[in-house]
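*Asks:* This is the structure I want to talk about, given as structure tokens.
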Amino acid sequence: MARLATGRGEAVRKYVLFDHDGVLVDTEFWYFRSAERALAEAGFTLDKDQYLRDMARGEGSWAQAKAAGIDDGTLSRVREARNGYYQEYLRTEAIEIDGVEDTLAELSAYVRMAIGTTAKRADFDIIHEKRQIMQFMEFAIVREDYELAKPHPGPYLAGLKRFGAAREETLVVEDSARGLAAAVAARIDCAVVHNEFTKNSDFSPASYRIDSLSELKGILELS
């Protein structure tokens, strides 16, 4: 059951803007694992809890390494290795989330849907080479499509503009503190879906907390 976290008034929602990683595909851990693996080869151990705190603030994967004094040349090589490992995992690991496509198919009869993500286009395209998620989406806004990444509101403001939607008509679905902060900054209600990797983050500003996307139908009050 969805848990209402704020006392906001009811509104008829016609649009849903989905985050991507951790919401539609289970990739959050593999992105971390790629950075962890690449940094380990450079002699640095990436702390998961600090990584999540850094990501929530928009500081990225390399904040710990930079603070430890790892130079830019080394980080450039680490970044290239991380990107390669991540794409390897995207092609070989099971990243599907049970029930996502069925839920999207059901919601598509009632609302218009799109994606607003920090994923790079190359990674996004690999993920969707053999999946059917995009058939339910009107568009996807990826990292190359806006200037400032989450927690800045850019991806979701771009989504509103592309839809021609009002904030009150729209719901954002996220799984991370960084993404929730972006939705809050855009002044759009946000439902945070459970993700095991990010579950200990601070989601107190969320309008809703849900265990799976199947609960969205109740939030959207669809018959």
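Here, A, B, ... name the chains of the structure tokens in the order displayed, residue numbers run from 1 inside each chain, and ligands are numbered from 1 in the same displayed order.
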DSSP on the backbone: which residues in region 49-145 of chain A end up as strand (DSSP E or B)? Give the answer as a CSV table (one decimal) with C-alpha atoms, in the first residue's frame.
*Replies:*
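New file out27.csv:
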chain,number,residue,atom,x,y,z
A,96,GLU,CA,15.0,-6.6,-15.1
A,112,ARG,CA,1.1,9.7,-20.6
A,113,MET,CA,4.6,8.6,-19.5
A,114,ALA,CA,8.2,9.5,-20.1
A,115,ILE,CA,11.7,9.1,-18.6
A,116,GLY,CA,14.0,11.7,-17.0
A,140,ALA,CA,13.3,9.8,-22.8
A,141,ILE,CA,15.4,12.7,-21.5
*Asks:* Counting only C-alpha atoms, which residues of region 22-51 of chain A fall within 12 Å of region 201-209 of chain A, and what is the closest atom pair for each with its distance in Å at one decimal, ordered by chain and rising number, as JSON lines?
*Replies:*
{"residue": "A:Asp49", "atom": "CA", "partner": "A:Ser201", "partner_atom": "CA", "distance": 9.5}
{"residue": "A:Gln50", "atom": "CA", "partner": "A:Ser201", "partner_atom": "CA", "distance": 11.2}
{"residue": "A:Tyr51", "atom": "CA", "partner": "A:Ser201", "partner_atom": "CA", "distance": 11.4}
*Asks:* Take the residues from that selection and put them in a file with N, CA and C atoms, as an mmCIF file, in the first residue's frame.
*Replies:*
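selection01.cif, written as the output of this step:
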data_model
loop_
_atom_site.group_PDB
_atom_site.id
_atom_site.type_symbol
_atom_site.label_atom_id
_atom_site.label_comp_id
_atom_site.auth_asym_id
_atom_site.auth_seq_id
_atom_site.Cartn_x
_atom_site.Cartn_y
_atom_site.Cartn_z
ATOM 1 N N ASP A 49 28.595 3.525 1.683
ATOM 2 C CA ASP A 49 27.745 4.493 2.381
ATOM 3 C C ASP A 49 28.129 5.926 2.018
ATOM 4 N N GLN A 50 29.426 6.191 1.950
ATOM 5 C CA GLN A 50 29.863 7.527 1.563
ATOM 6 C C GLN A 50 29.539 7.804 0.100
ATOM 7 N N TYR A 51 29.652 6.787 -0.724
ATOM 8 C CA TYR A 51 29.276 6.904 -2.142
ATOM 9 C C TYR A 51 27.825 7.372 -2.270
#
*Asks:* Find the residue from A:Asp102, A:Gln87, A:Ala42, A:Ile126 that sits nearest to Gly73 (chain A); use only C-alpha atoms when measuring.
*Replies:*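 Once distances to Gly73 (chain A) are computed over only C-alpha atoms, the minimum belongs to A:Ala42.
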*Asks:* With a distance cut-off of 12 Å and only C-alpha atoms, select the neighbouring residues of Gly159 (chain A), excluding the residue or stretch itself and same-chain residues fewer than 5 positions from it, and output the selection as JSON, numbers by chain.
*Replies:* {"A": [15, 16, 17, 18, 19, 112, 113, 114, 115, 116, 117, 137, 138, 139, 140, 141, 142, 145, 146, 153, 154, 164, 165, 166, 167, 170, 171, 172, 183, 186, 188]}
*Asks:* Could you pull out the residues in region 58-148 of chain A that DSSP calls alpha helix (DSSP H) from the backbone, as an mmCIF file with N, CA, C and O atoms, in the first residue's frame?
*Replies:*
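Ended up saving to states01.cif:
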data_model
loop_
_atom_site.group_PDB
_atom_site.id
_atom_site.type_symbol
_atom_site.label_atom_id
_atom_site.label_comp_id
_atom_site.auth_asym_id
_atom_site.auth_seq_id
_atom_site.Cartn_x
_atom_site.Cartn_y
_atom_site.Cartn_z
ATOM 1 N N ALA A 63 34.087 11.475 -5.739
ATOM 2 C CA ALA A 63 34.325 12.430 -4.656
ATOM 3 C C ALA A 63 35.312 11.879 -3.623
ATOM 4 O O ALA A 63 36.224 12.592 -3.179
ATOM 5 N N GLN A 64 35.141 10.623 -3.249
ATOM 6 C CA GLN A 64 36.046 10.033 -2.261
ATOM 7 C C GLN A 64 37.480 9.973 -2.783
ATOM 8 O O GLN A 64 38.429 10.279 -2.056
ATOM 9 N N ALA A 65 37.617 9.563 -4.029
ATOM 10 C CA ALA A 65 38.947 9.431 -4.615
ATOM 11 C C ALA A 65 39.633 10.787 -4.720
ATOM 12 O O ALA A 65 40.835 10.919 -4.428
ATOM 13 N N LYS A 66 38.896 11.805 -5.105
ATOM 14 C CA LYS A 66 39.467 13.153 -5.191
ATOM 15 C C LYS A 66 39.895 13.642 -3.815
ATOM 16 O O LYS A 66 40.963 14.244 -3.656
ATOM 17 N N ALA A 67 39.046 13.379 -2.804
ATOM 18 C CA ALA A 67 39.377 13.802 -1.442
ATOM 19 C C ALA A 67 40.627 13.103 -0.928
ATOM 20 O O ALA A 67 41.359 13.653 -0.104
ATOM 21 N N ASP A 72 43.962 13.816 -11.428
ATOM 22 C CA ASP A 72 43.004 13.836 -12.527
ATOM 23 C C ASP A 72 43.363 12.837 -13.629
ATOM 24 O O ASP A 72 42.477 12.242 -14.247
ATOM 25 N N GLY A 73 44.651 12.663 -13.882
ATOM 26 C CA GLY A 73 45.054 11.710 -14.909
ATOM 27 C C GLY A 73 44.661 10.295 -14.554
ATOM 28 O O GLY A 73 44.146 9.546 -15.399
ATOM 29 N N THR A 74 44.867 9.922 -13.302
ATOM 30 C CA THR A 74 44.458 8.588 -12.843
ATOM 31 C C THR A 74 42.947 8.448 -12.898
ATOM 32 O O THR A 74 42.418 7.429 -13.349
ATOM 33 N N LEU A 75 42.230 9.491 -12.455
ATOM 34 C CA LEU A 75 40.769 9.426 -12.467
ATOM 35 C C LEU A 75 40.221 9.325 -13.884
ATOM 36 O O LEU A 75 39.197 8.677 -14.112
ATOM 37 N N SER A 76 40.890 9.933 -14.844
ATOM 38 C CA SER A 76 40.459 9.803 -16.237
ATOM 39 C C SER A 76 40.542 8.353 -16.695
ATOM 40 O O SER A 76 39.619 7.848 -17.352
ATOM 41 N N ARG A 77 41.628 7.674 -16.321
ATOM 42 C CA ARG A 77 41.768 6.259 -16.681
ATOM 43 C C ARG A 77 40.763 5.396 -15.927
ATOM 44 O O ARG A 77 40.202 4.445 -16.490
ATOM 45 N N VAL A 78 40.524 5.738 -14.658
ATOM 46 C CA VAL A 78 39.545 5.002 -13.857
ATOM 47 C C VAL A 78 38.154 5.168 -14.449
ATOM 48 O O VAL A 78 37.379 4.206 -14.547
ATOM 49 N N ARG A 79 37.823 6.379 -14.870
ATOM 50 C CA ARG A 79 36.503 6.637 -15.454
ATOM 51 C C ARG A 79 36.301 5.819 -16.728
ATOM 52 O O ARG A 79 35.229 5.230 -16.935
ATOM 53 N N GLU A 80 37.307 5.759 -17.554
ATOM 54 C CA GLU A 80 37.207 4.970 -18.784
ATOM 55 C C GLU A 80 36.999 3.491 -18.472
ATOM 56 O O GLU A 80 36.178 2.818 -19.106
ATOM 57 N N ALA A 81 37.733 3.005 -17.459
ATOM 58 C CA ALA A 81 37.557 1.604 -17.056
ATOM 59 C C ALA A 81 36.171 1.365 -16.485
ATOM 60 O O ALA A 81 35.514 0.361 -16.803
ATOM 61 N N ARG A 82 35.700 2.310 -15.648
ATOM 62 C CA ARG A 82 34.351 2.187 -15.082
ATOM 63 C C ARG A 82 33.295 2.095 -16.162
ATOM 64 O O ARG A 82 32.382 1.254 -16.106
ATOM 65 N N ASN A 83 33.411 2.952 -17.168
ATOM 66 C CA ASN A 83 32.426 2.948 -18.240
ATOM 67 C C ASN A 83 32.390 1.611 -18.965
ATOM 68 O O ASN A 83 31.322 1.091 -19.306
ATOM 69 N N GLY A 84 33.570 1.044 -19.188
ATOM 70 C CA GLY A 84 33.637 -0.256 -19.842
ATOM 71 C C GLY A 84 33.032 -1.358 -19.000
ATOM 72 O O GLY A 84 32.281 -2.211 -19.503
ATOM 73 N N TYR A 85 33.345 -1.367 -17.708
ATOM 74 C CA TYR A 85 32.786 -2.380 -16.815
ATOM 75 C C TYR A 85 31.276 -2.266 -16.726
ATOM 76 O O TYR A 85 30.551 -3.273 -16.730
ATOM 77 N N TYR A 86 30.796 -1.028 -16.657
ATOM 78 C CA TYR A 86 29.356 -0.828 -16.526
ATOM 79 C C TYR A 86 28.616 -1.350 -17.750
ATOM 80 O O TYR A 86 27.611 -2.062 -17.635
ATOM 81 N N GLN A 87 29.126 -1.050 -18.931
ATOM 82 C CA GLN A 87 28.464 -1.555 -20.132
ATOM 83 C C GLN A 87 28.550 -3.073 -20.229
ATOM 84 O O GLN A 87 27.620 -3.724 -20.728
ATOM 85 N N GLU A 88 29.631 -3.633 -19.728
ATOM 86 C CA GLU A 88 29.740 -5.097 -19.660
ATOM 87 C C GLU A 88 28.638 -5.670 -18.776
ATOM 88 O O GLU A 88 27.960 -6.638 -19.152
ATOM 89 N N TYR A 89 28.437 -5.059 -17.604
ATOM 90 C CA TYR A 89 27.387 -5.533 -16.697
ATOM 91 C C TYR A 89 26.001 -5.355 -17.308
ATOM 92 O O TYR A 89 25.123 -6.224 -17.156
ATOM 93 N N LEU A 90 25.786 -4.234 -17.996
ATOM 94 C CA LEU A 90 24.477 -4.008 -18.613
ATOM 95 C C LEU A 90 24.140 -5.084 -19.632
ATOM 96 O O LEU A 90 22.966 -5.438 -19.819
ATOM 97 N N ARG A 91 25.152 -5.595 -20.278
ATOM 98 C CA ARG A 91 24.929 -6.622 -21.306
ATOM 99 C C ARG A 91 24.815 -8.029 -20.726
ATOM 100 O O ARG A 91 24.245 -8.913 -21.385
ATOM 101 N N THR A 92 25.366 -8.255 -19.533
ATOM 102 C CA THR A 92 25.483 -9.637 -19.045
ATOM 103 C C THR A 92 24.694 -9.930 -17.774
ATOM 104 O O THR A 92 24.391 -11.093 -17.503
ATOM 105 N N VAL A 100 7.561 -4.689 -14.087
ATOM 106 C CA VAL A 100 7.639 -3.335 -14.639
ATOM 107 C C VAL A 100 6.869 -3.215 -15.946
ATOM 108 O O VAL A 100 6.038 -2.301 -16.117
ATOM 109 N N GLU A 101 7.133 -4.095 -16.893
ATOM 110 C CA GLU A 101 6.468 -3.971 -18.192
ATOM 111 C C GLU A 101 4.963 -4.153 -18.076
ATOM 112 O O GLU A 101 4.194 -3.433 -18.734
ATOM 113 N N ASP A 102 4.506 -5.073 -17.238
ATOM 114 C CA ASP A 102 3.067 -5.271 -17.046
ATOM 115 C C ASP A 102 2.419 -4.022 -16.461
ATOM 116 O O ASP A 102 1.335 -3.605 -16.884
ATOM 117 N N THR A 103 3.084 -3.411 -15.484
ATOM 118 C CA THR A 103 2.546 -2.200 -14.866
ATOM 119 C C THR A 103 2.493 -1.055 -15.867
ATOM 120 O O THR A 103 1.493 -0.328 -15.950
ATOM 121 N N LEU A 104 3.557 -0.887 -16.644
ATOM 122 C CA LEU A 104 3.573 0.181 -17.641
ATOM 123 C C LEU A 104 2.475 -0.021 -18.681
ATOM 124 O O LEU A 104 1.829 0.943 -19.116
ATOM 125 N N ALA A 105 2.267 -1.258 -19.080
ATOM 126 C CA ALA A 105 1.215 -1.549 -20.053
ATOM 127 C C ALA A 105 -0.149 -1.149 -19.506
ATOM 128 O O ALA A 105 -0.979 -0.567 -20.220
ATOM 129 N N GLU A 106 -0.371 -1.421 -18.220
ATOM 130 C CA GLU A 106 -1.650 -1.067 -17.606
ATOM 131 C C GLU A 106 -1.796 0.448 -17.468
ATOM 132 O O GLU A 106 -2.837 1.020 -17.802
ATOM 133 N N LEU A 107 -0.746 1.117 -17.011
ATOM 134 C CA LEU A 107 -0.815 2.560 -16.817
ATOM 135 C C LEU A 107 -0.976 3.317 -18.126
ATOM 136 O O LEU A 107 -1.572 4.399 -18.160
ATOM 137 N N ARG A 121 23.422 8.470 -22.913
ATOM 138 C CA ARG A 121 22.714 7.892 -24.052
ATOM 139 C C ARG A 121 23.269 6.523 -24.437
ATOM 140 O O ARG A 121 22.509 5.589 -24.720
ATOM 141 N N ALA A 122 24.585 6.364 -24.422
ATOM 142 C CA ALA A 122 25.182 5.085 -24.825
ATOM 143 C C ALA A 122 24.731 3.965 -23.906
ATOM 144 O O ALA A 122 24.380 2.860 -24.369
ATOM 145 N N ASP A 123 24.720 4.223 -22.588
ATOM 146 C CA ASP A 123 24.286 3.206 -21.638
ATOM 147 C C ASP A 123 22.794 2.936 -21.773
ATOM 148 O O ASP A 123 22.344 1.779 -21.736
ATOM 149 N N PHE A 124 22.025 3.998 -21.931
ATOM 150 C CA PHE A 124 20.574 3.880 -22.079
ATOM 151 C C PHE A 124 20.227 3.015 -23.283
ATOM 152 O O PHE A 124 19.359 2.128 -23.211
ATOM 153 N N ASP A 125 20.916 3.237 -24.389
ATOM 154 C CA ASP A 125 20.630 2.479 -25.608
ATOM 155 C C ASP A 125 20.981 0.996 -25.445
ATOM 156 O O ASP A 125 20.265 0.124 -25.960
ATOM 157 N N ILE A 126 22.068 0.700 -24.739
ATOM 158 C CA ILE A 126 22.420 -0.703 -24.480
ATOM 159 C C ILE A 126 21.319 -1.377 -23.678
ATOM 160 O O ILE A 126 20.892 -2.496 -23.992
ATOM 161 N N ILE A 127 20.843 -0.697 -22.653
ATOM 162 C CA ILE A 127 19.807 -1.273 -21.792
ATOM 163 C C ILE A 127 18.558 -1.609 -22.590
ATOM 164 O O ILE A 127 17.912 -2.641 -22.360
#
*Asks:* Excluding same-chain residues fewer than 3 positions from Ile97 (chain A), what lies within 8 Å of it counting only C-alpha atoms, as a VMD selection string?
*Replies:* chain A and resid 24 to 26 100
*Asks:* Have a look at A:Leu157, A:Leu180, A:Ala149, A:Val173 and name the one nearest to Lys120 (chain A); count only C-alpha atoms.
*Replies:*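 Closest residue, counting only C-alpha atoms: A:Ala149.
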*Asks:* Out of A:Leu222, A:Ala38, A:Ala185, A:Val111, which residue has the shortest atom-to-atom distance to Pro151 (chain A) when counting only C-alpha atoms?
*Replies:*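 Smallest distance to Pro151 (chain A) is found for A:Ala185.
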*Asks:* When you count only C-alpha atoms, which of these residues is closest to Trp30 (chain A): A:Glu174, A:Glu169, A:Glu93, A:Glu215?
*Replies:*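 Of A:Glu174, A:Glu169, A:Glu93, A:Glu215, the one nearest Trp30 (chain A), counting only C-alpha atoms, is A:Glu93.
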*Asks:* Please determine, counting only C-alpha atoms, which residue among A:Ala181, A:Leu220, A:Ala68, A:Met55 has the shortest atom-to-atom distance to Gly43 (chain A).
*Replies:*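 Among the listed residues, A:Ala68 lies closest to Gly43 (chain A).
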*Asks:* What's around Arg53 (chain A) at 10 Å? Count only C-alpha atoms, leave out sequence neighbours fewer than 5 positions away in its own chain, and write the answer as a list in words.
*Replies:*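 Once the nearby chain positions are removed, what remains is Lys48, Gly58, Glu59, Gly60, Ala177, Arg178, Ser201 and Asp202 of chain A.
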*Asks:* What separation in Å, quoted to one decimal, exists between CA of Val193 (chain A) and CA of Ile219 (chain A)?
*Replies:*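 Atom-to-atom, CA of Val193 (chain A) and CA of Ile219 (chain A) are spaced 12.2 Å apart.
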